[in-house]
Each structure stands twice: as structure tokens, then as C-alpha cells.
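*Asks:* Provided herewith is a single structure, encoded as C-alpha cells, for subsequent inquiry.
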Amino acid sequence: MSFFEAYTPEFSRFVLGNAPVKRLATGFDWVEGPVWFGDAECLYFSDIPNNQIMRLMMDGTVSVYRDPSNFANGHTRDLQGRLISCEHGTRRVTRTEHDGTITVLADQFEGKRLNSPNDVVVKSDGSIWFSDPHYGIMTNYEGYKSEQELPCNVYRIDAVTGALTAVVTDMACPNGLAFSPDEATLYVADTGAMFDKDAQRHIRRYTVNGSEVTDGAHFHTISHGASDGLRLDTDGNIWSSAADGVHCIAPDGALMGKILVPELVSNVCFGGRGKHRLFITATTSVYSIALNREGL
Ligand code: MG
């Protein structure tokens with residue numbers, strides 16, 4: 001069986017005919033937030049309902065990295081290689097220092113508690129951008145059921161002052177986010193549709209000018225499910241989670257092809273030697289596939 005569906009000739013060159021979609025680890029409840037540590041040759045990811053951050057070595061060994069994780073969700077690395085994490089349970093964004101201590105980067109805005117930071121990305125100026133939908137406080141499954149104090153925004157943490165500003169305030173439930181290669185565009189996925197079939201399940205593109213974000217325009221509507229997490233390759237193609245796998249979307253918004261995955265996909269990240277391997281978190285399992293592409 002084929003693991004791919006190609007809708008454009010380019011996509012047929014992105015995939016390798018004999019490279020499998022490989023299940024690397026399984027037995028979790030809802031995996032999310034994959035982040036590649038090339039220096040340690042391992043993948044960290046969250047198992048949100050089980051309140052753990054896991055570490056997957058490339059020999060297949062899986063171990064618990066942090067327990068409890070405060071219901072951690074999305075992760076990334078900053079310019080110094082430190083782990084940046086979104087935590088539902090503590091409603092905050094943290095940085096794990098090289099010595100293992102944890103620094104809180106953001107937990108409130110204008111005196112109100114954040115909802116449940118979900119996904120995070122770092123810009124080349126060191127600023128940290130994260131989404132704050134309310135999924136982690138809706139029930140006790142992926143956090144602690146609590147009152148929502150703020151709308152679901154995207155925020156920016158200034159690299160120098162640490163000041164928090166709301167940069168995207170017009171989405172239902174902003175979730176995955178990523179910059180284009182030139183950082184002139186910020187892609188933000190809206191997953192409002194997870195709980196309402198008539199709600200949004202699109203990705204918007206915003207124009208970025210330094211710390212300013214304007215002109216949120218519709219970019220792409222996911223055909224199956226919603227885009228929970230997304231990453232870009234070096235040519236600016238968007239690799240987004242969807243209900244039936246990973247969708248590859250061209251910079252003009254056209255669906256180029258799909259990698260089919262047998263479980264509902266939550267998120268992706270590029271890694272491996274040469275950054276040509278796509279790691280895929282999907283419900284109970286972590287998958288990967290080698291591509292003829294490099295991650296940004
Ligand atoms: Mg997410």
C-alpha cells in the first residue's frame with residue numbers, strides 16, 4: 001500500500017517511494033509537542049493526559065523525561081537550545097535551563113491568568129510566540145477544569161524585556177503556529193472545529209513586521225479534521241497535522257499531497273540527521289518518515 005497521496009508533481013519528488021511511515025513508539029493516550037534535539041539525537045514529546053514528557057532515543061528506547069509535566073503540550077527550543085514548553089496544568093510557558101531548573105516566561109496577561117498555552121515557536125530575534133486556546137482548562141483530561149479569564153490569543157514574549165503582548169486576537173482557538181523562512185509571514189491554525197463542526201478549521205497567514213502582526217487572511221482550509229500543529233520545510237511548504245495524516249500545503253495555499261497515518265495526527269516536527277525526517281505525533285503513537293525535504 002502507498003503511504004502517500006500526491007496531488008502535484010512536486011510532491012512526488014518530496015516523498016521517497018520506499019520510505020515507510022514507521023511507528024517508533026506507542027501505548028500513549030494523546031501525544032503532542034514533538035521537538036528534536038539533534039545534539040542528543042532524541043525526540044521529546046508530550047503525553048498530555050498522562051502528565052508526562054517522554055524522550056525517544058533513535059535506538060527506539062523510550063523513557064520518561066518529566067513527570068509530572070504539568071500537562072505540558074507544545075515544545076520548541078530557543079536560540080540557546082533550551083527547551084521551551086507550554087503547560088496546561090500551570091497555565092504557563094516555561095524554559096528549562098541547561099542545569100535543569102525551570103524558569104517561568106509567561107503565566108498571565110494584564111493581571112489575568114493565561115488559558116492553557118498550547119504551541120510555541122521562537123523567532124530569530126529570540127522572541128517567543130505561543131497560542132493560548134482554552135482546551136487545557138475545559139476538562140480535567142488534559143489539565144485542570146477552570147474558569148477562562150482571557151480570550152484565546154496568540155502572544156509574543158519579547159526577547160529582551162520579557163514583556164508579553166497579544167499579537168493575534170481575532171481567532172476562535174489559535175493552535176499550531178510557525179513562521180515562513182523569511183519570517184515575514186506567521187501561519188496560525190484555528191482548531192475551533194474540534195468541538196463544533198461549523199466552526200473554523202483553517203490556517204490563516206499574518207504579515208509580520210518586527211513585533212507587529214497584521215492582515216490575517218485565510219490561507220487554507222484543512223479537508224479532513226483540523227490543523228493542530230504545523231511546521232515548514234526550507235522551501236516554505238507547510239506540513240500540517242490532519243485527521244487522515246499530514247497534509248503538505250504549498251506557500252500559495254494549494255494542497256500538494258498527503259502522508260497517510262493510521263491515527264489522528266496532532267503535530268509534526270522535522271529532525272534526524274540532515275533534518276530530513278518528519279516526526280509525527282498521532283494519538284497513541286509516534287511515527288516518522290524520511291522525506292526528500294529538509295525542515296526549517
Ligand atoms: Mg496543539
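Ordering of the C-alpha cells sets the chain letters (A, B, ...), residue numbers begin anew at 1 in every chain, and ligands are numbered from 1 in the order given.
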Could you pull the residues within 7 Å of stretch 169-181 of chain A, counting only C-alpha atoms, minus those fewer than 2 positions along the same chain, as number ranges by chain?

*Replies:* A: 118-121, 131-133, 152-154, 166-167, 183-192, 228-231, 234, 236, 296

*Asks:* If you run DSSP over the backbone, which residues in stretch 31-276 of chain A end up helix (DSSP H, G or I)? Put them as a list of chain:residue names.

*Replies:*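 Secondary structure check on stretch 31-276 of chain A, helix (DSSP H, G or I): A:Tyr135, A:Gly136, A:Ile137, A:Met138, A:Gly192, A:Ala193, A:Met194, A:Arg273, A:Gly274, A:Lys275.
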
*Asks:* Would you save the residues of that selection, restricted to all heavy atoms, as an mmCIF file, in the first residue's frame?

*Replies:*
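out30.cif was written with the following content:
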data_model
loop_
_atom_site.group_PDB
_atom_site.id
_atom_site.type_symbol
_atom_site.label_atom_id
_atom_site.label_comp_id
_atom_site.auth_asym_id
_atom_site.auth_seq_id
_atom_site.Cartn_x
_atom_site.Cartn_y
_atom_site.Cartn_z
ATOM 1 N N TYR A 135 -8.352 24.786 25.583
ATOM 2 C CA TYR A 135 -8.579 23.331 25.662
ATOM 3 C C TYR A 135 -8.129 22.721 26.990
ATOM 4 O O TYR A 135 -8.746 21.787 27.490
ATOM 5 C CB TYR A 135 -7.868 22.631 24.497
ATOM 6 C CG TYR A 135 -8.365 23.055 23.140
ATOM 7 C CD1 TYR A 135 -7.507 23.581 22.193
ATOM 8 C CD2 TYR A 135 -9.715 22.947 22.815
ATOM 9 C CE1 TYR A 135 -7.964 23.986 20.947
ATOM 10 C CE2 TYR A 135 -10.187 23.358 21.579
ATOM 11 C CZ TYR A 135 -9.302 23.872 20.643
ATOM 12 O OH TYR A 135 -9.765 24.276 19.418
ATOM 13 N N GLY A 136 -7.033 23.215 27.540
ATOM 14 C CA GLY A 136 -6.476 22.600 28.755
ATOM 15 C C GLY A 136 -7.222 22.926 30.030
ATOM 16 O O GLY A 136 -6.909 22.374 31.089
ATOM 17 N N ILE A 137 -8.213 23.837 29.952
ATOM 18 C CA ILE A 137 -8.989 24.146 31.164
ATOM 19 C C ILE A 137 -10.463 23.801 30.987
ATOM 20 O O ILE A 137 -11.285 24.104 31.843
ATOM 21 C CB ILE A 137 -8.836 25.630 31.589
ATOM 22 C CG1 ILE A 137 -9.192 26.580 30.431
ATOM 23 C CG2 ILE A 137 -7.422 25.900 32.089
ATOM 24 C CD1 ILE A 137 -9.258 28.049 30.848
ATOM 25 N N MET A 138 -10.799 23.139 29.857
ATOM 26 C CA MET A 138 -12.207 22.779 29.620
ATOM 27 C C MET A 138 -12.618 21.563 30.443
ATOM 28 O O MET A 138 -13.781 21.426 30.831
ATOM 29 C CB MET A 138 -12.428 22.478 28.138
ATOM 30 C CG MET A 138 -12.322 23.701 27.251
ATOM 31 S SD MET A 138 -12.502 23.275 25.512
ATOM 32 C CE MET A 138 -14.272 23.039 25.385
ATOM 33 N N GLY A 192 -10.978 25.660 16.256
ATOM 34 C CA GLY A 192 -12.308 25.781 16.842
ATOM 35 C C GLY A 192 -13.205 24.609 16.468
ATOM 36 O O GLY A 192 -14.057 24.185 17.240
ATOM 37 N N ALA A 193 -12.953 24.043 15.272
ATOM 38 C CA ALA A 193 -13.812 22.981 14.745
ATOM 39 C C ALA A 193 -13.760 21.690 15.541
ATOM 40 O O ALA A 193 -14.599 20.808 15.346
ATOM 41 C CB ALA A 193 -13.414 22.687 13.307
ATOM 42 N N MET A 194 -12.780 21.550 16.434
ATOM 43 C CA MET A 194 -12.700 20.301 17.184
ATOM 44 C C MET A 194 -13.959 20.054 18.002
ATOM 45 O O MET A 194 -14.296 18.931 18.315
ATOM 46 C CB MET A 194 -11.477 20.304 18.108
ATOM 47 C CG MET A 194 -10.190 20.081 17.327
ATOM 48 S SD MET A 194 -8.874 19.395 18.320
ATOM 49 C CE MET A 194 -8.395 20.816 19.243
ATOM 50 N N ARG A 273 19.264 13.200 11.437
ATOM 51 C CA ARG A 273 20.465 13.737 10.799
ATOM 52 C C ARG A 273 20.088 14.346 9.464
ATOM 53 O O ARG A 273 19.450 13.715 8.629
ATOM 54 C CB ARG A 273 21.491 12.628 10.597
ATOM 55 C CG ARG A 273 22.150 12.225 11.901
ATOM 56 C CD ARG A 273 23.165 11.137 11.682
ATOM 57 N NE ARG A 273 23.586 10.616 12.981
ATOM 58 C CZ ARG A 273 24.247 9.484 13.128
ATOM 59 N NH1 ARG A 273 24.540 8.742 12.076
ATOM 60 N NH2 ARG A 273 24.611 9.093 14.329
ATOM 61 N N GLY A 274 20.452 15.588 9.238
ATOM 62 C CA GLY A 274 20.094 16.267 7.991
ATOM 63 C C GLY A 274 18.710 16.883 8.022
ATOM 64 O O GLY A 274 18.272 17.474 7.038
ATOM 65 N N LYS A 275 18.004 16.735 9.115
ATOM 66 C CA LYS A 275 16.649 17.312 9.295
ATOM 67 C C LYS A 275 15.692 16.889 8.181
ATOM 68 O O LYS A 275 14.816 17.647 7.776
ATOM 69 C CB LYS A 275 16.717 18.848 9.385
ATOM 70 C CG LYS A 275 17.411 19.311 10.650
ATOM 71 C CD LYS A 275 17.186 20.765 10.909
ATOM 72 C CE LYS A 275 15.918 20.997 11.724
ATOM 73 N NZ LYS A 275 15.741 22.400 12.103
#

*Asks:* For A:Phe109, which of A:Glu32, A:Glu294, A:Glu149, A:Glu10 is the closest residue, counting only C-alpha atoms?

*Replies:* A:Glu149

*Asks:* Can you list, as JSON, numbers by chain, every protein, DNA or RNA residue that comes within 9 Å of A:Phe279 when you count only C-alpha atoms, leaving out same-chain residues fewer than 3 positions away?

*Replies:* {"A": [34, 35, 36, 43, 267, 268, 269, 270, 271, 272, 286, 287, 288, 289, 290]}

*Asks:* Could you save those same residues with C-alpha atoms as a PDB file, in the first residue's frame?

*Replies:*
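Okay, out39.pdb is ready:
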ATOM      1  CA  PRO A  34       7.370  16.840  19.323  1.00  0.00           C
ATOM      2  CA  VAL A  35      10.752  18.602  19.435  1.00  0.00           C
ATOM      3  CA  TRP A  36      14.037  17.301  18.029  1.00  0.00           C
ATOM      4  CA  LEU A  43      12.911  13.414  20.289  1.00  0.00           C
ATOM      5  CA  ASN A 267       1.588  17.592  15.418  1.00  0.00           C
ATOM      6  CA  VAL A 268       4.829  17.191  13.471  1.00  0.00           C
ATOM      7  CA  CYS A 269       8.459  18.274  13.565  1.00  0.00           C
ATOM      8  CA  PHE A 270      11.487  17.799  11.359  1.00  0.00           C
ATOM      9  CA  GLY A 271      14.592  16.159  12.783  1.00  0.00           C
ATOM     10  CA  GLY A 272      17.049  13.388  12.367  1.00  0.00           C
ATOM     11  CA  VAL A 286       4.865   8.467  17.418  1.00  0.00           C
ATOM     12  CA  TYR A 287       5.654   7.859  13.741  1.00  0.00           C
ATOM     13  CA  SER A 288       8.371   9.047  11.417  1.00  0.00           C
ATOM     14  CA  ILE A 289       9.035   9.108   7.709  1.00  0.00           C
ATOM     15  CA  ALA A 290      12.165  10.044   5.780  1.00  0.00           C
TER      16      ALA A 290
END

*Asks:* Need to verify the contact set: A:Pro251, 7 Å, only C-alpha atoms, exclusion of same-chain residues closer than 2 positions in sequence. Can you return it as an mmCIF file with all heavy atoms, in the first residue's frame?

*Replies:*
data_model
loop_
_atom_site.group_PDB
_atom_site.id
_atom_site.type_symbol
_atom_site.label_atom_id
_atom_site.label_comp_id
_atom_site.auth_asym_id
_atom_site.auth_seq_id
_atom_site.Cartn_x
_atom_site.Cartn_y
_atom_site.Cartn_z
ATOM 1 N N GLY A 236 9.526 26.599 2.365
ATOM 2 C CA GLY A 236 8.317 27.295 2.774
ATOM 3 C C GLY A 236 7.035 26.513 2.601
ATOM 4 O O GLY A 236 5.942 27.072 2.741
ATOM 5 N N ASN A 237 7.142 25.236 2.293
ATOM 6 C CA ASN A 237 5.932 24.403 2.264
ATOM 7 C C ASN A 237 5.505 24.092 3.693
ATOM 8 O O ASN A 237 6.343 23.890 4.578
ATOM 9 C CB ASN A 237 6.199 23.101 1.511
ATOM 10 C CG ASN A 237 6.641 23.359 0.091
ATOM 11 O OD1 ASN A 237 5.943 23.996 -0.678
ATOM 12 N ND2 ASN A 237 7.834 22.876 -0.252
ATOM 13 N N ILE A 249 1.158 21.630 2.216
ATOM 14 C CA ILE A 249 0.480 22.762 1.582
ATOM 15 C C ILE A 249 1.536 23.715 1.027
ATOM 16 O O ILE A 249 2.471 24.093 1.736
ATOM 17 C CB ILE A 249 -0.415 23.485 2.615
ATOM 18 C CG1 ILE A 249 -1.403 22.490 3.242
ATOM 19 C CG2 ILE A 249 -1.159 24.653 1.982
ATOM 20 C CD1 ILE A 249 -1.854 22.864 4.636
ATOM 21 N N GLY A 253 -1.023 28.117 -0.831
ATOM 22 C CA GLY A 253 -2.229 27.604 -0.185
ATOM 23 C C GLY A 253 -2.786 26.330 -0.784
ATOM 24 O O GLY A 253 -3.754 25.769 -0.257
#

*Asks:* Provide the atom CA of A:Leu260 to atom CA of A:Gly17 distance in Å, to one decimal place.

*Replies:*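 Computed distance, atom CA of A:Leu260 to atom CA of A:Gly17, equals 13.5 Å.
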
*Asks:* Quick one: residues within 12 Å of A:Tyr144, only C-alpha atoms, excluding same-chain residues fewer than 4 positions away - as a list in words?

*Replies:*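 Residues near the query, excluding close chain neighbours: Ile48, Pro49, Asn51, Asn70, Phe71, Glu87, His88, Gly89, Thr90, Arg91, Asn115, Ser116, His134, Tyr135, Gly136, Ile137, Met138, Thr139, Asn140 and Gln148 of chain A.
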
*Asks:* Near A:His98, within 12 Å and counting only C-alpha atoms, which residues show up once chain neighbours fewer than 4 positions away are dropped, as a list in words?

*Replies:*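 Those residues are Arg77, Asp78, Gln80, Gly81, Arg82, Leu83, Ile84, Ile102 and Thr103 of chain A.
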
*Asks:* How far is it from atom CA of A:Gly33 to atom CA of A:Ala72, in Å with one decimal?

*Replies:*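 Here the two named atoms are 8.3 Å from each other.
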
*Asks:* Could you please write out, as a PyMOL selection string, every residue of stretch 39-281 of chain A that DSSP assigns to strand (DSSP E or B)?

*Replies:* chain A and resi 42-47+52-57+62-66+72-77+83-87+92-96+102-106+108-109+112-113+120-122+128-131+154-157+164-168+174-179+185-190+202-209+212-221+230-233+238-242+245-249+255-260+265-271+277-281

*Asks:* Could the residues in this selection be written to a file with C-alpha atoms, as a tab-separated table (two decimals), in the first residue's frame?

*Replies:*
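Dumped everything to result11.tsv:
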chain	number	residue	atom	x	y	z
A	42	CYS	CA	16.50	12.25	20.55
A	43	LEU	CA	12.91	13.41	20.29
A	44	TYR	CA	11.00	14.85	23.22
A	45	PHE	CA	7.21	14.81	23.13
A	46	SER	CA	4.26	15.20	25.48
A	47	ASP	CA	1.76	12.56	26.51
A	52	GLN	CA	4.42	13.29	31.18
A	53	ILE	CA	7.12	14.46	28.81
A	54	MET	CA	8.76	11.48	27.11
A	55	ARG	CA	12.15	11.06	25.44
A	56	LEU	CA	12.59	8.78	22.45
A	57	MET	CA	16.14	7.74	21.53
A	62	VAL	CA	11.54	5.47	25.36
A	63	SER	CA	11.90	6.94	28.83
A	64	VAL	CA	10.05	9.46	30.97
A	65	TYR	CA	11.81	12.83	30.93
A	66	ARG	CA	9.47	14.78	33.22
A	72	ALA	CA	2.78	20.01	29.03
A	73	ASN	CA	1.71	20.30	25.40
A	74	GLY	CA	3.81	22.04	22.70
A	75	HIS	CA	7.57	22.48	22.86
A	76	THR	CA	10.34	24.13	20.92
A	77	ARG	CA	13.95	25.19	21.50
A	83	LEU	CA	13.58	23.61	25.92
A	84	ILE	CA	10.57	25.96	25.80
A	85	SER	CA	7.34	24.31	26.96
A	86	CYS	CA	3.63	25.12	27.07
A	87	GLU	CA	1.97	23.82	30.23
A	92	ARG	CA	2.19	28.98	31.69
A	93	VAL	CA	5.14	28.91	29.29
A	94	THR	CA	8.45	27.80	30.75
A	95	ARG	CA	12.10	27.47	29.83
A	96	THR	CA	14.20	24.55	31.05
A	102	ILE	CA	12.68	25.80	35.23
A	103	THR	CA	12.09	29.49	34.54
A	104	VAL	CA	8.55	30.81	34.06
A	105	LEU	CA	8.38	33.05	30.97
A	106	ALA	CA	4.65	33.88	30.98
A	108	GLN	CA	-0.61	36.00	32.99
A	109	PHE	CA	-1.63	38.87	30.76
A	112	LYS	CA	-5.43	37.62	34.27
A	113	ARG	CA	-4.29	34.01	34.05
A	120	VAL	CA	5.12	27.66	20.67
A	121	VAL	CA	7.70	28.88	18.20
A	122	VAL	CA	10.86	31.02	18.50
A	128	ILE	CA	8.83	33.51	21.78
A	129	TRP	CA	5.37	33.26	20.20
A	130	PHE	CA	2.69	30.97	21.62
A	131	SER	CA	-1.00	30.19	21.23
A	154	VAL	CA	-1.53	34.38	20.29
A	155	TYR	CA	1.10	36.13	22.40
A	156	ARG	CA	4.67	37.29	21.89
A	157	ILE	CA	7.28	37.32	24.64
A	164	LEU	CA	4.04	39.90	26.85
A	165	THR	CA	1.89	41.33	24.04
A	166	ALA	CA	-1.22	39.87	22.39
A	167	VAL	CA	-0.42	39.71	18.68
A	168	VAL	CA	-3.34	37.70	17.27
A	174	PRO	CA	-5.45	29.51	17.76
A	175	ASN	CA	-3.34	26.38	17.97
A	176	GLY	CA	-0.29	25.41	15.86
A	177	LEU	CA	1.86	28.25	14.55
A	178	ALA	CA	5.03	28.71	12.51
A	179	PHE	CA	6.96	31.36	10.59
A	185	THR	CA	4.61	35.51	7.46
A	186	LEU	CA	3.17	33.86	10.55
A	187	TYR	CA	0.90	30.88	9.93
A	188	VAL	CA	-1.63	30.17	12.67
A	189	ALA	CA	-4.03	27.24	12.72
A	190	ASP	CA	-7.51	27.61	14.18
A	202	HIS	CA	-8.45	26.77	8.72
A	203	ILE	CA	-4.93	28.15	8.72
A	204	ARG	CA	-4.51	31.91	8.45
A	205	ARG	CA	-1.45	33.79	7.30
A	206	TYR	CA	-0.47	37.04	9.00
A	207	THR	CA	2.02	39.65	7.84
A	208	VAL	CA	4.84	40.07	10.35
A	209	ASN	CA	6.75	43.31	10.66
A	212	GLU	CA	3.75	43.73	14.65
A	213	VAL	CA	1.27	41.27	13.16
A	214	THR	CA	-1.39	42.41	10.68
A	215	ASP	CA	-3.67	41.34	7.85
A	216	GLY	CA	-4.82	37.91	8.99
A	217	ALA	CA	-6.00	36.32	5.75
A	218	HIS	CA	-7.45	32.91	5.06
A	219	PHE	CA	-4.66	30.64	3.81
A	220	HIS	CA	-6.00	27.09	3.68
A	221	THR	CA	-8.91	25.02	4.99
A	230	LEU	CA	2.34	22.60	11.64
A	231	ARG	CA	5.98	23.03	10.59
A	232	LEU	CA	7.66	24.31	7.45
A	233	ASP	CA	10.40	22.96	5.23
A	238	ILE	CA	3.65	23.83	5.25
A	239	TRP	CA	3.41	20.35	6.76
A	240	SER	CA	0.24	20.26	8.84
A	241	SER	CA	-1.49	17.70	11.00
A	242	ALA	CA	-4.90	16.49	9.84
A	245	GLY	CA	-2.37	12.15	8.20
A	246	VAL	CA	-0.03	15.01	7.38
A	247	HIS	CA	-1.01	17.47	4.64
A	248	CYS	CA	1.65	19.29	2.63
A	249	ILE	CA	0.48	22.76	1.58
A	255	LEU	CA	-2.75	21.10	-1.12
A	256	MET	CA	0.24	19.32	-2.69
A	257	GLY	CA	-0.11	15.91	-1.13
A	258	LYS	CA	-0.67	13.85	1.99
A	259	ILE	CA	1.23	11.36	4.09
A	260	LEU	CA	-1.36	8.92	5.33
A	265	VAL	CA	-2.34	13.31	13.90
A	266	SER	CA	-1.74	16.08	16.43
A	267	ASN	CA	1.59	17.59	15.42
A	268	VAL	CA	4.83	17.19	13.47
A	269	CYS	CA	8.46	18.27	13.57
A	270	PHE	CA	11.49	17.80	11.36
A	271	GLY	CA	14.59	16.16	12.78
A	277	ARG	CA	12.95	13.05	8.83
A	278	LEU	CA	9.42	14.11	9.75
A	279	PHE	CA	8.35	13.02	13.22
A	280	ILE	CA	4.60	12.70	13.65
A	281	THR	CA	2.70	12.57	16.94

*Asks:* Which is closer to ligand 1 than all the others in A:Gly143, A:Pro151, A:Pro117, A:Gly295, using only C-alpha atoms and all ligand atoms?

*Replies:* A:Pro117

*Asks:* One decimal, Å: what's the distance from atom CA of A:Ala254 over to atom CA of A:Phe11, could you say?

*Replies:*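 So the answer is 11.5 Å.
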
*Asks:* When distances are computed from only C-alpha atoms and all ligand atoms, which of A:Ser124, A:Trp30, A:Asp99, A:Val160 shows the smallest separation from ligand 1?

*Replies:*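 Residue with the minimum atom-to-atom distance to ligand 1: A:Trp30.
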